[in-house]
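S.K.: Here you go, this is target-v7.cif (mmCIF, C-alpha atoms and all ligand atoms).
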```
data_run
#
loop_
_atom_site.label_atom_id
_atom_site.label_comp_id
_atom_site.auth_asym_id
_atom_site.auth_seq_id
_atom_site.Cartn_x
_atom_site.Cartn_y
_atom_site.Cartn_z
CA MET A 26 6.40 -15.12 27.71
CA ALA A 27 5.66 -13.33 24.44
CA ILE A 28 5.57 -15.57 21.38
CA PHE A 29 6.66 -14.20 18.00
CA SER A 30 6.24 -16.04 14.71
CA PHE A 31 8.53 -15.35 11.78
CA ALA A 32 6.85 -17.94 9.57
CA SER A 33 6.76 -17.54 5.83
CA ALA A 34 3.20 -18.83 5.62
CA GLN A 35 0.94 -18.42 7.49
CA ALA A 36 2.54 -15.11 8.43
CA PRO A 37 1.24 -13.32 11.53
CA LEU A 38 -1.61 -10.83 11.23
CA PRO A 39 -1.25 -7.40 12.83
CA PRO A 40 -2.56 -7.66 16.43
CA SER A 41 -5.37 -5.13 15.83
CA VAL A 42 -6.60 -7.02 12.73
CA LEU A 43 -6.55 -10.28 14.66
CA ALA A 44 -8.62 -8.67 17.43
CA GLU A 45 -11.17 -7.37 14.91
CA ILE A 46 -11.52 -10.81 13.36
CA ARG A 47 -12.04 -12.32 16.80
CA ASP A 48 -14.89 -9.85 17.41
CA ASP A 49 -16.44 -10.57 14.03
CA LEU A 50 -16.64 -14.30 14.71
CA GLY A 51 -19.55 -13.58 17.00
CA PRO A 52 -22.75 -12.06 15.60
CA ARG A 53 -22.05 -8.90 13.58
CA ARG A 54 -24.52 -6.07 13.05
CA SER A 55 -26.46 -8.27 10.64
CA GLY A 56 -26.66 -11.01 13.26
CA LEU A 57 -24.33 -13.30 11.31
CA SER A 58 -20.76 -14.29 12.12
CA LEU A 59 -18.08 -13.53 9.54
CA LEU A 60 -17.88 -17.28 9.05
CA ASP A 61 -21.58 -17.51 8.18
CA LEU A 62 -21.78 -14.92 5.39
CA PRO A 63 -23.39 -16.17 2.16
CA PHE A 64 -21.33 -15.17 -0.86
CA SER A 65 -24.37 -14.10 -2.84
CA GLY A 66 -25.57 -11.64 -0.20
CA GLY A 67 -25.28 -7.89 -0.09
CA GLU A 68 -23.20 -7.95 3.07
CA PHE A 69 -20.43 -9.96 1.41
CA GLU A 70 -20.63 -7.86 -1.76
CA ASP A 71 -20.10 -4.73 0.38
CA ILE A 72 -17.00 -6.35 1.90
CA ARG A 73 -15.65 -7.42 -1.52
CA ALA A 74 -16.31 -4.03 -3.09
CA GLY A 75 -14.74 -2.26 -0.09
CA ALA A 76 -11.65 -4.45 -0.36
CA GLU A 77 -11.37 -3.71 -4.07
CA ALA A 78 -11.77 0.04 -3.48
CA ASP A 79 -9.09 0.02 -0.77
CA LEU A 80 -6.72 -2.01 -2.95
CA ARG A 81 -7.27 0.38 -5.85
CA ALA A 82 -6.56 3.35 -3.60
CA LEU A 83 -3.41 1.80 -2.14
CA LEU A 84 -1.93 0.89 -5.52
CA GLY A 85 -3.34 3.89 -7.38
CA LEU A 86 -5.03 1.58 -9.90
CA GLY A 87 -6.91 3.19 -12.77
CA ASP A 88 -10.01 1.78 -14.47
CA ASP A 89 -7.75 0.00 -16.94
CA TYR A 90 -6.78 -2.55 -14.28
CA ARG A 91 -9.13 -5.24 -12.94
CA VAL A 92 -8.87 -6.80 -9.50
CA LEU A 93 -9.73 -10.48 -9.02
CA PHE A 94 -10.11 -12.45 -5.80
CA LEU A 95 -9.28 -16.03 -6.74
CA GLN A 96 -8.21 -19.32 -5.18
CA GLY A 97 -5.40 -21.77 -5.86
CA GLY A 98 -2.49 -19.72 -4.57
CA ALA A 99 0.40 -18.32 -6.54
CA THR A 100 1.23 -21.89 -7.51
CA ALA A 101 -1.99 -22.14 -9.51
CA MET A 102 -1.11 -18.82 -11.18
CA PHE A 103 2.13 -20.36 -12.45
CA SER A 104 -0.11 -22.33 -14.84
CA LEU A 105 -3.11 -20.00 -15.09
CA ALA A 106 -1.07 -16.99 -16.22
CA PRO A 107 0.22 -18.65 -19.41
CA MET A 108 -3.16 -20.35 -19.92
CA ASN A 109 -4.97 -17.00 -19.83
CA LEU A 110 -2.39 -14.84 -21.56
CA LEU A 111 -0.89 -16.85 -24.40
CA ARG A 112 -2.51 -17.64 -27.71
CA ARG A 113 -1.46 -20.77 -29.57
CA GLY A 114 2.15 -20.55 -30.73
CA GLU A 115 3.00 -17.60 -28.49
CA THR A 116 5.70 -17.71 -25.87
CA ALA A 117 7.08 -15.69 -22.97
CA ASP A 118 10.34 -14.71 -21.31
CA TYR A 119 11.09 -15.84 -17.75
CA VAL A 120 13.60 -14.37 -15.33
CA VAL A 121 14.65 -17.31 -13.15
CA THR A 122 16.26 -16.16 -9.94
CA GLY A 123 15.46 -18.83 -7.37
CA LEU A 124 13.09 -21.53 -6.21
CA TRP A 125 9.76 -19.81 -6.90
CA SER A 126 10.53 -18.35 -10.31
CA ARG A 127 11.98 -21.74 -11.31
CA ARG A 128 8.68 -23.35 -10.33
CA ALA A 129 6.78 -20.72 -12.33
CA ALA A 130 8.94 -21.38 -15.40
CA GLU A 131 8.63 -25.16 -15.00
CA ALA A 132 4.84 -24.96 -14.76
CA ALA A 133 4.69 -22.73 -17.85
CA SER A 134 6.99 -25.06 -19.78
CA SER A 135 4.28 -27.72 -19.86
CA GLN A 136 2.28 -25.27 -22.04
CA ILE A 137 4.90 -23.26 -23.91
CA ASP A 138 8.49 -23.17 -25.00
CA VAL A 139 9.71 -20.96 -22.15
CA ARG A 140 12.55 -18.54 -22.96
CA MET A 141 15.04 -17.83 -20.20
CA ALA A 142 15.61 -14.08 -20.12
CA ALA A 143 18.07 -14.39 -17.25
CA THR A 144 19.08 -16.82 -14.53
CA GLY A 145 20.40 -15.93 -11.09
CA ASP A 146 22.99 -17.63 -8.87
CA GLY A 147 20.81 -17.71 -5.73
CA ARG A 148 22.82 -14.95 -4.03
CA SER A 149 22.25 -12.02 -6.34
CA LEU A 150 19.72 -10.94 -8.96
CA PRO A 151 20.50 -10.36 -12.63
CA PRO A 152 19.77 -6.63 -13.13
CA PRO A 153 17.16 -5.65 -15.74
CA GLU A 154 19.93 -4.36 -18.09
CA GLU A 155 21.12 -7.98 -18.36
CA TRP A 156 17.76 -9.54 -19.20
CA ARG A 157 17.79 -10.97 -22.74
CA LEU A 158 14.36 -10.16 -24.13
CA SER A 159 12.93 -12.14 -27.03
CA ALA A 160 11.58 -10.03 -29.88
CA ASP A 161 8.25 -11.91 -29.87
CA ALA A 162 7.60 -12.59 -26.16
CA ALA A 163 3.99 -11.96 -25.11
CA TYR A 164 5.13 -11.13 -21.58
CA LEU A 165 8.09 -11.30 -19.22
CA HIS A 166 7.61 -13.15 -15.93
CA LEU A 167 9.56 -12.34 -12.77
CA THR A 168 9.35 -13.00 -9.06
CA SER A 169 9.74 -9.73 -7.16
CA THR A 170 10.98 -11.40 -3.97
CA GLU A 171 12.50 -14.86 -3.95
CA THR A 172 11.49 -15.90 -0.46
CA ALA A 173 13.72 -18.96 -0.11
CA GLU A 174 16.89 -17.15 -1.21
CA GLY A 175 15.96 -13.83 0.44
CA LEU A 176 16.39 -11.74 -2.74
CA GLN A 177 14.29 -8.76 -3.83
CA TYR A 178 14.03 -6.61 -6.94
CA PHE A 179 13.83 -2.89 -6.18
CA VAL A 180 13.51 -1.50 -9.71
CA PHE A 181 11.01 -2.39 -12.41
CA PRO A 182 11.78 -0.87 -15.79
CA ASP A 183 9.27 -0.38 -18.55
CA LEU A 184 10.05 -3.03 -21.17
CA ASN A 185 9.00 -1.13 -24.29
CA GLY A 186 5.46 -2.39 -24.26
CA VAL A 187 6.16 -6.01 -23.23
CA PRO A 188 3.99 -6.47 -20.13
CA VAL A 189 5.63 -7.75 -16.97
CA VAL A 190 3.83 -10.59 -15.19
CA ALA A 191 4.96 -10.66 -11.58
CA ASP A 192 4.65 -13.10 -8.74
CA MET A 193 4.53 -10.59 -5.86
CA THR A 194 3.42 -13.08 -3.23
CA ALA A 195 6.21 -12.08 -0.86
CA ASP A 196 6.17 -8.29 -1.17
CA PHE A 197 2.71 -7.35 -2.41
CA LEU A 198 1.54 -4.19 -0.60
CA THR A 199 4.78 -3.93 1.37
CA ARG A 200 5.93 -0.88 -0.67
CA PRO A 201 4.76 1.38 -3.49
CA ILE A 202 5.42 0.10 -7.01
CA PRO A 203 5.28 1.78 -10.41
CA LEU A 204 2.28 0.29 -12.24
CA ALA A 205 3.24 1.03 -15.83
CA PRO A 206 5.47 -2.03 -16.44
CA PHE A 207 2.94 -4.52 -15.09
CA GLY A 208 0.33 -6.36 -17.13
CA LEU A 209 -0.44 -8.87 -14.39
CA ILE A 210 0.44 -9.04 -10.71
CA TYR A 211 -0.51 -12.01 -8.57
CA ALA A 212 -0.01 -12.75 -4.88
CA SER A 213 -1.18 -15.32 -2.37
CA ALA A 214 -2.72 -13.60 0.65
CA GLN A 215 -1.14 -15.52 3.51
CA LYS A 216 2.01 -13.43 3.74
CA ASN A 217 1.01 -9.76 3.52
CA LEU A 218 -2.72 -9.67 3.05
CA GLY A 219 -4.36 -12.03 5.49
CA VAL A 220 -4.92 -15.75 5.40
CA ALA A 221 -4.44 -18.61 2.94
CA GLY A 222 -7.18 -19.43 0.45
CA LEU A 223 -7.14 -16.14 -1.45
CA THR A 224 -5.01 -15.15 -4.41
CA ILE A 225 -5.16 -11.56 -5.59
CA VAL A 226 -4.80 -10.89 -9.29
CA VAL A 227 -4.38 -7.39 -10.69
CA ILE A 228 -4.58 -7.47 -14.46
CA HIS A 229 -4.51 -4.82 -17.17
CA GLU A 230 -7.62 -4.96 -19.32
CA LYS A 231 -5.47 -5.31 -22.47
CA LEU A 232 -4.47 -8.78 -21.24
CA LEU A 233 -7.89 -9.81 -20.03
CA ARG A 234 -9.49 -11.24 -23.11
CA ARG A 235 -6.62 -12.83 -24.97
CA VAL A 236 -7.78 -16.49 -24.83
CA ALA A 237 -10.82 -16.37 -22.57
CA SER A 238 -12.99 -18.87 -24.39
CA GLU A 239 -10.51 -21.75 -23.97
CA VAL A 240 -10.09 -21.46 -20.21
CA PRO A 241 -12.56 -23.14 -17.80
CA ALA A 242 -14.68 -20.43 -16.15
CA PRO A 243 -13.33 -20.59 -12.56
CA PHE A 244 -9.81 -20.21 -13.95
CA SER A 245 -10.61 -17.63 -16.62
CA PHE A 246 -9.47 -14.15 -15.66
CA ALA A 247 -11.96 -12.66 -18.12
CA ARG A 248 -14.92 -14.65 -16.78
CA GLN A 249 -13.97 -13.94 -13.18
CA ALA A 250 -13.66 -10.23 -13.97
CA GLU A 251 -17.15 -10.20 -15.50
CA ALA A 252 -18.57 -12.06 -12.47
CA ARG A 253 -16.82 -9.86 -9.86
CA SER A 254 -14.82 -12.96 -8.80
CA LYS A 255 -18.04 -14.90 -8.14
CA VAL A 256 -18.09 -17.44 -10.98
CA ASN A 257 -18.31 -19.97 -8.15
CA THR A 258 -18.17 -19.64 -4.36
CA PRO A 259 -15.27 -17.32 -3.55
CA PRO A 260 -13.13 -17.64 -0.39
CA VAL A 261 -15.48 -15.43 1.63
CA PHE A 262 -13.62 -15.50 4.94
CA ALA A 263 -10.18 -14.93 3.36
CA ILE A 264 -11.59 -11.97 1.39
CA ALA A 265 -13.12 -10.54 4.58
CA VAL A 266 -9.75 -10.82 6.32
CA ALA A 267 -8.03 -9.19 3.33
CA ALA A 268 -10.58 -6.37 3.53
CA LYS A 269 -9.51 -5.74 7.13
CA MET A 270 -5.82 -5.85 6.18
CA LEU A 271 -6.40 -3.37 3.36
CA ARG A 272 -8.27 -1.04 5.70
CA TRP A 273 -5.42 -1.39 8.22
CA LEU A 274 -2.83 -0.56 5.54
CA ARG A 275 -4.74 2.54 4.46
CA ALA A 276 -5.30 3.71 8.03
CA GLY A 277 -1.59 3.22 8.70
CA GLY A 278 -0.56 5.65 5.97
CA GLY A 279 -0.68 3.53 2.81
CA LEU A 280 2.23 1.91 1.01
CA VAL A 281 4.77 4.67 1.63
CA ALA A 282 4.30 4.17 5.37
CA ALA A 283 4.27 0.37 4.96
CA GLU A 284 7.58 0.55 3.13
CA ALA A 285 9.08 2.67 5.91
CA ARG A 286 7.86 0.23 8.59
CA ASN A 287 9.19 -2.75 6.67
CA ALA A 288 12.54 -1.06 5.94
CA ARG A 289 12.95 -0.28 9.64
CA LYS A 290 12.28 -3.92 10.59
CA ALA A 291 14.77 -5.13 7.98
CA GLU A 292 17.40 -2.64 9.12
CA THR A 293 16.95 -3.76 12.74
CA LEU A 294 17.43 -7.39 11.82
CA TYR A 295 20.26 -7.07 9.28
CA SER A 296 22.17 -4.81 11.74
CA ALA A 297 21.87 -7.38 14.50
CA LEU A 298 23.09 -10.09 12.12
CA ALA A 299 26.01 -7.94 10.96
CA ALA A 300 27.10 -7.25 14.54
CA SER A 301 28.49 -10.74 15.07
CA ASP A 302 30.50 -12.97 12.77
CA ILE A 303 28.71 -16.08 13.97
CA TYR A 304 25.93 -15.04 11.52
CA GLN A 305 26.17 -14.84 7.75
CA CYS A 306 23.74 -13.47 5.15
CA PRO A 307 24.28 -15.25 1.83
CA ALA A 308 22.45 -12.64 -0.30
CA GLU A 309 24.42 -9.77 -1.83
CA VAL A 310 23.75 -6.56 0.09
CA GLU A 311 22.07 -4.70 -2.81
CA ASN A 312 19.65 -7.59 -3.47
CA ARG A 313 18.73 -8.41 0.13
CA SER A 314 15.03 -8.68 0.69
CA ALA A 315 13.37 -6.40 3.24
CA VAL A 316 10.69 -9.01 3.92
CA SER A 317 12.41 -12.38 3.71
CA VAL A 318 15.70 -12.33 5.58
CA ARG A 319 17.86 -15.35 4.88
CA PHE A 320 20.76 -16.03 7.24
CA GLN A 321 22.85 -18.88 8.54
CA LEU A 322 25.35 -19.67 11.26
CA ALA A 323 29.01 -19.69 10.25
CA GLU A 324 29.04 -23.10 11.93
CA ALA A 325 26.01 -24.73 10.32
CA ALA A 326 26.18 -27.67 12.72
CA ARG A 327 24.98 -25.36 15.50
CA GLU A 328 21.76 -24.37 13.77
CA PRO A 329 19.62 -27.03 15.54
CA GLN A 330 20.83 -25.62 18.87
CA PHE A 331 20.06 -22.07 17.66
CA LEU A 332 16.55 -23.08 16.61
CA ARG A 333 15.94 -24.88 19.90
CA GLU A 334 17.05 -21.92 22.01
CA ALA A 335 15.11 -19.49 19.81
CA GLU A 336 11.95 -21.51 20.26
CA GLU A 337 12.45 -21.73 24.01
CA ALA A 338 12.73 -17.93 24.06
CA GLY A 339 9.48 -17.55 22.05
CA PHE A 340 10.87 -17.01 18.51
CA LEU A 341 9.13 -19.49 16.22
CA HIS A 342 9.63 -20.64 12.64
CA LEU A 343 13.13 -19.42 11.89
CA LYS A 344 14.15 -22.47 9.87
CA GLY A 345 15.16 -21.73 6.29
CA HIS A 346 13.30 -23.10 3.28
CA PRO A 347 14.32 -26.76 2.86
CA ALA A 348 15.49 -26.01 -0.71
CA VAL A 349 18.29 -23.73 0.54
CA GLY A 350 18.66 -24.70 4.23
CA GLY A 351 19.96 -22.33 6.88
CA LEU A 352 17.71 -19.87 8.67
CA ARG A 353 15.12 -17.30 7.69
CA ALA A 354 13.00 -14.62 9.32
CA SER A 355 9.96 -13.46 7.38
CA LEU A 356 9.06 -9.84 8.13
CA TYR A 357 5.76 -9.45 6.32
CA ASN A 358 3.26 -6.65 6.90
CA GLY A 359 1.82 -8.12 10.10
CA VAL A 360 5.17 -8.62 11.87
CA THR A 361 5.67 -5.86 14.41
CA GLN A 362 8.77 -3.76 15.05
CA GLU A 363 8.54 -5.00 18.65
CA ALA A 364 8.85 -8.62 17.44
CA VAL A 365 11.89 -7.80 15.31
CA GLU A 366 13.60 -5.87 18.11
CA ALA A 367 13.04 -8.79 20.47
CA LEU A 368 14.53 -11.15 17.88
CA ALA A 369 17.50 -8.81 17.35
CA ASP A 370 18.15 -8.83 21.12
CA PHE A 371 17.99 -12.62 21.10
CA LEU A 372 20.50 -12.77 18.21
CA VAL A 373 22.94 -10.52 20.08
CA ASP A 374 22.48 -12.52 23.26
CA PHE A 375 22.93 -15.86 21.49
CA ALA A 376 26.12 -14.59 19.82
CA GLN A 377 27.51 -13.47 23.20
CA ARG A 378 26.69 -16.72 24.92
CA ARG A 379 27.60 -19.11 22.13
CA GLY A 380 29.96 -17.13 19.89
C1 LIG B 1 7.39 -15.97 -4.05
C2 LIG B 1 6.42 -17.09 -3.84
N1 LIG B 1 5.67 -17.49 -4.87
C3 LIG B 1 4.78 -18.49 -4.73
C4 LIG B 1 4.59 -19.13 -3.53
C5 LIG B 1 3.58 -20.23 -3.42
O1 LIG B 1 2.43 -19.77 -2.83
P1 LIG B 1 1.18 -20.75 -2.60
O2 LIG B 1 1.64 -21.82 -1.64
O3 LIG B 1 0.11 -19.88 -2.04
O4 LIG B 1 0.83 -21.33 -3.92
C6 LIG B 1 5.35 -18.75 -2.43
C7 LIG B 1 5.19 -19.42 -1.15
O5 LIG B 1 5.89 -19.22 -0.18
C8 LIG B 1 6.29 -17.72 -2.58
O6 LIG B 1 7.05 -17.30 -1.57
#
```
Please re-express this file's structure in structure tokens.
M.R.:
Amino acid sequence: MAIFSFASAQAPLPPSVLAEIRDDLGPRRSGLSLLDLPFSGGEFEDIRAGAEADLRALLGLGDDYRVLFLQGGATAMFSLAPMNLLRRGETADYVVTGLWSRRAAEAASSQIDVRMAATGDGRSLPPPEEWRLSADAAYLHLTSTETAEGLQYFVFPDLNGVPVVADMTADFLTRPIPLAPFGLIYASAQKNLGVAGLTIVVIHEKLLRRVASEVPAPFSFARQAEARSKVNTPPVFAIAVAAKMLRWLRAGGGLVAAEARNARKAETLYSALAASDIYQCPAEVENRSAVSVRFQLAEAAREPQFLREAEEAGFLHLKGHPAVGGLRASLYNGVTQEAVEALADFLVDFAQRRG
């Protein structure tokens, strides 16, 4: 029986990337396994530089953006972003639309007097026209996809020079984005770019040296940029996996093609959910995420039975985030169309048998 994971983290890797990693665990051309690479060696530097070059090509990054390969996850960035970007007395606007942006705002509030630019209701997203921007904010923070609630922003306006700081953990490299609004983008790798342990930071050089001297070196974006992310031992294996994912994304047609693949998966799943009234999708249609599909049963009491039968049929990790309950299917870059079609068939079948 085929097994398909729809987990939010660790999300599945594309089968071909997984196979390549398996091969690289044995001796590579240099004689060393991928797990044995010293971070100070030329072989690792080639991998890191290749990953950076592929990321730059995918996003169309100019020399004015730096790419950092850090640790700590997006959760660490909730604190490190304000620590690196705000001078004493400065503050920032936060768009709070769900669990993860709330956590980002809460973490920042231990350092600054956070301004709420907008708050969401968990089912829809306040559109950019409704954000209340402070005249003196150093940046505006948003979460491009709220994974727990299954909400996604599709437009990113330029905010008249106020840089946007975005937690893109859930949809980084799942679609093309306009770069101009963004001063800082961060994303944990375990959803769309490989395995846990790596956090990608893309930062505009204008924001790089705002408060560098006050931040401890491993957490200083400026120091890490100078040291090519090697202030201390970087997550070598996670970077090597990300390098393979980036190569895979480029070979597969870049972000335009990734967006088309992800949109097709989402369409397959949302259509199957819409075909029976035993399923409900709480998110408003125009804000529904293509990568984190939140749903529930009209009769919530039957969800344990749904999850049990799904697991028996090979569909794993469909439980919703505990903060919102219900069900969820994560459709990140590594999830195949085949997996989503199999899940859609299961949903139709379950509805017929149990509806
Ligand atoms: C949007 C978003 N931000 C942040 C995080 C936290 O990531 P990490 O556990 O790597 O810190 C998650 C985790 O699921 C997430 O979905």
S.K.: Grab me every residue within 6 Å of ligand LIG 1 (chain B), counting only C-alpha atoms and all ligand atoms, and send it over as a VMD selection string.
M.R.: chain A and resid 98 to 100 125 170 to 172 192 194 to 195 213
S.K.: From the set A:Leu356, A:Leu176, A:Glu230, A:Leu165, which residue has the shortest atom-to-atom contact distance to Cys306 of chain A, counting all atoms listed in the file?
M.R.: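 Once distances to Cys306 of chain A are computed over all atoms listed in the file, the minimum belongs to A:Leu176.
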S.K.: Dump as a PyMOL selection string all residues having an atom at most 12 Å from (17.0, -13.6, -10.8), computed in the file's coordinates with all atoms listed in the file.
M.R.: chain A and resi 119-127+141-153+155-156+166-172+174-178+308+312
S.K.: Which one is closest to Gly97 of chain A: A:Ala130, A:Pro243, A:Glu45, A:Ile28? Count all atoms listed in the file.
M.R.: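 Closest to Gly97 of chain A of all the choices is A:Pro243.
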S.K.: Find, counting all atoms listed in the file, the residue in A:Leu368, A:Leu83, A:Ala221, A:Ala212 that gets nearest to Leu298 of chain A.
M.R.: A:Leu368
S.K.: Of the candidates A:Ser314, A:Ser134, A:Gln96, A:Ser55, which shows the shortest atom-to-atom distance to Lys255 of chain A, using all atoms listed in the file?
M.R.: A:Gln96
S.K.: Work out how far apart atom CA of Leu341 of chain A and atom CA of Phe31 of chain A are and give it in Å to one decimal.
M.R.: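 Separation of atom CA of Leu341 of chain A and atom CA of Phe31 of chain A: 6.1 Å.
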S.K.: Taking (21.7, -16.1, 8.3) in the file's coordinates as the center, which residues reach within 6 Å of it, counting all atoms listed in the file, put as JSON, numbers by chain?
M.R.: {"A": [304, 305, 306, 319, 320, 321, 322, 352]}
S.K.: Restricted to C-alpha atoms, what would the selected residues look like written as a PDB file, in the coordinates of the input?
M.R.:
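Ended up saving to result26.pdb:
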```pdb
ATOM      1  CA  TYR A 304      25.930 -15.040  11.520  1.00  0.00           C
ATOM      2  CA  GLN A 305      26.170 -14.840   7.750  1.00  0.00           C
ATOM      3  CA  CYS A 306      23.740 -13.470   5.150  1.00  0.00           C
ATOM      4  CA  ARG A 319      17.860 -15.350   4.880  1.00  0.00           C
ATOM      5  CA  PHE A 320      20.760 -16.030   7.240  1.00  0.00           C
ATOM      6  CA  GLN A 321      22.850 -18.880   8.540  1.00  0.00           C
ATOM      7  CA  LEU A 322      25.350 -19.670  11.260  1.00  0.00           C
ATOM      8  CA  LEU A 352      17.710 -19.870   8.670  1.00  0.00           C
TER       9      LEU A 352
END
```
S.K.: Pick from A:Ala354, A:Ala364, A:Val226, A:Leu93: nearest to Phe207 of chain A, with all atoms listed in the file counted?
M.R.: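 That would be A:Val226, the residue with the smallest distance to Phe207 of chain A.
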S.K.: Do you have the atom CA of Phe181 of chain A-atom CA of Asp138 of chain A distance handy?
M.R.: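 Between atom CA of Phe181 of chain A and atom CA of Asp138 of chain A the gap works out to 24.4 Å.
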S.K.: Using all atoms listed in the file, which of the listed residues (A:Ala78, A:Ala129, A:Val256, A:Leu198) sits closest to Val281 of chain A?
M.R.: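 So, comparing all the options, the nearest one is A:Leu198.
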S.K.: Please indicate the distance in Å from atom CA of Ala315 of chain A to atom CA of Ala32 of chain A, rounded to one decimal place.
M.R.: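 The value is 14.7 Å.
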S.K.: Mind giving me the axis-aligned box for segment 358-368 of chain A with 6 Å on every side, centre plus edges in Å to one decimal, as lines of an AutoDock Vina configuration file?
M.R.:
```
center_x = 8.2
center_y = -7.5
center_z = 13.7
size_x = 24.7
size_y = 19.4
size_z = 25.6
```
S.K.: Tell me which protein, DNA and RNA residues are within 9 Å of Ser30 of chain A, counting all atoms listed in the file, leaving out same-chain ones fewer than 4 positions away, and put them as a ChimeraX atom specification.
M.R.: /A:36-37,339-343,354-355,360,364
S.K.: Please provide as an MDAnalysis selection string all residues within 7 Å of Met270 of chain A, with the sequence filter that same-chain residues fewer than 3 positions apart are discarded (counting only C-alpha atoms).
M.R.: chainID A and resid 42 218:219 266:267 273:274
S.K.: Could you save those same residues with C-alpha atoms as a PDB file, in the frame of the given file?
M.R.:
```pdb
ATOM      1  CA  VAL A  42      -6.600  -7.020  12.730  1.00  0.00           C
ATOM      2  CA  LEU A 218      -2.720  -9.670   3.050  1.00  0.00           C
ATOM      3  CA  GLY A 219      -4.360 -12.030   5.490  1.00  0.00           C
ATOM      4  CA  VAL A 266      -9.750 -10.820   6.320  1.00  0.00           C
ATOM      5  CA  ALA A 267      -8.030  -9.190   3.330  1.00  0.00           C
ATOM      6  CA  TRP A 273      -5.420  -1.390   8.220  1.00  0.00           C
ATOM      7  CA  LEU A 274      -2.830  -0.560   5.540  1.00  0.00           C
TER       8      LEU A 274
END
```
S.K.: Excluding segment 285-291 of chain A and its own-chain neighbours fewer than 5 positions away, which residues fall within 8 Å of it when counting all atoms listed in the file? Please give them as a list of chain:residue names.
M.R.: A:Thr199, A:Ala315, A:Val316, A:Val318, A:Leu356, A:Tyr357, A:Asn358, A:Thr361, A:Gln362, A:Val365, A:Glu366
S.K.: Taking C-alpha atoms for each residue, export the selection above as a short mmCIF file (atom, residue, chain, number, x, y, z; two decimals), in the coordinates of the input.
M.R.:
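File result34.cif, as written:
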```
data_model
loop_
_atom_site.label_atom_id
_atom_site.label_comp_id
_atom_site.auth_asym_id
_atom_site.auth_seq_id
_atom_site.Cartn_x
_atom_site.Cartn_y
_atom_site.Cartn_z
CA THR A 199 4.78 -3.93 1.37
CA ALA A 315 13.37 -6.40 3.24
CA VAL A 316 10.69 -9.01 3.92
CA VAL A 318 15.70 -12.33 5.58
CA LEU A 356 9.06 -9.84 8.13
CA TYR A 357 5.76 -9.45 6.32
CA ASN A 358 3.26 -6.65 6.90
CA THR A 361 5.67 -5.86 14.41
CA GLN A 362 8.77 -3.76 15.05
CA VAL A 365 11.89 -7.80 15.31
CA GLU A 366 13.60 -5.87 18.11
#
```
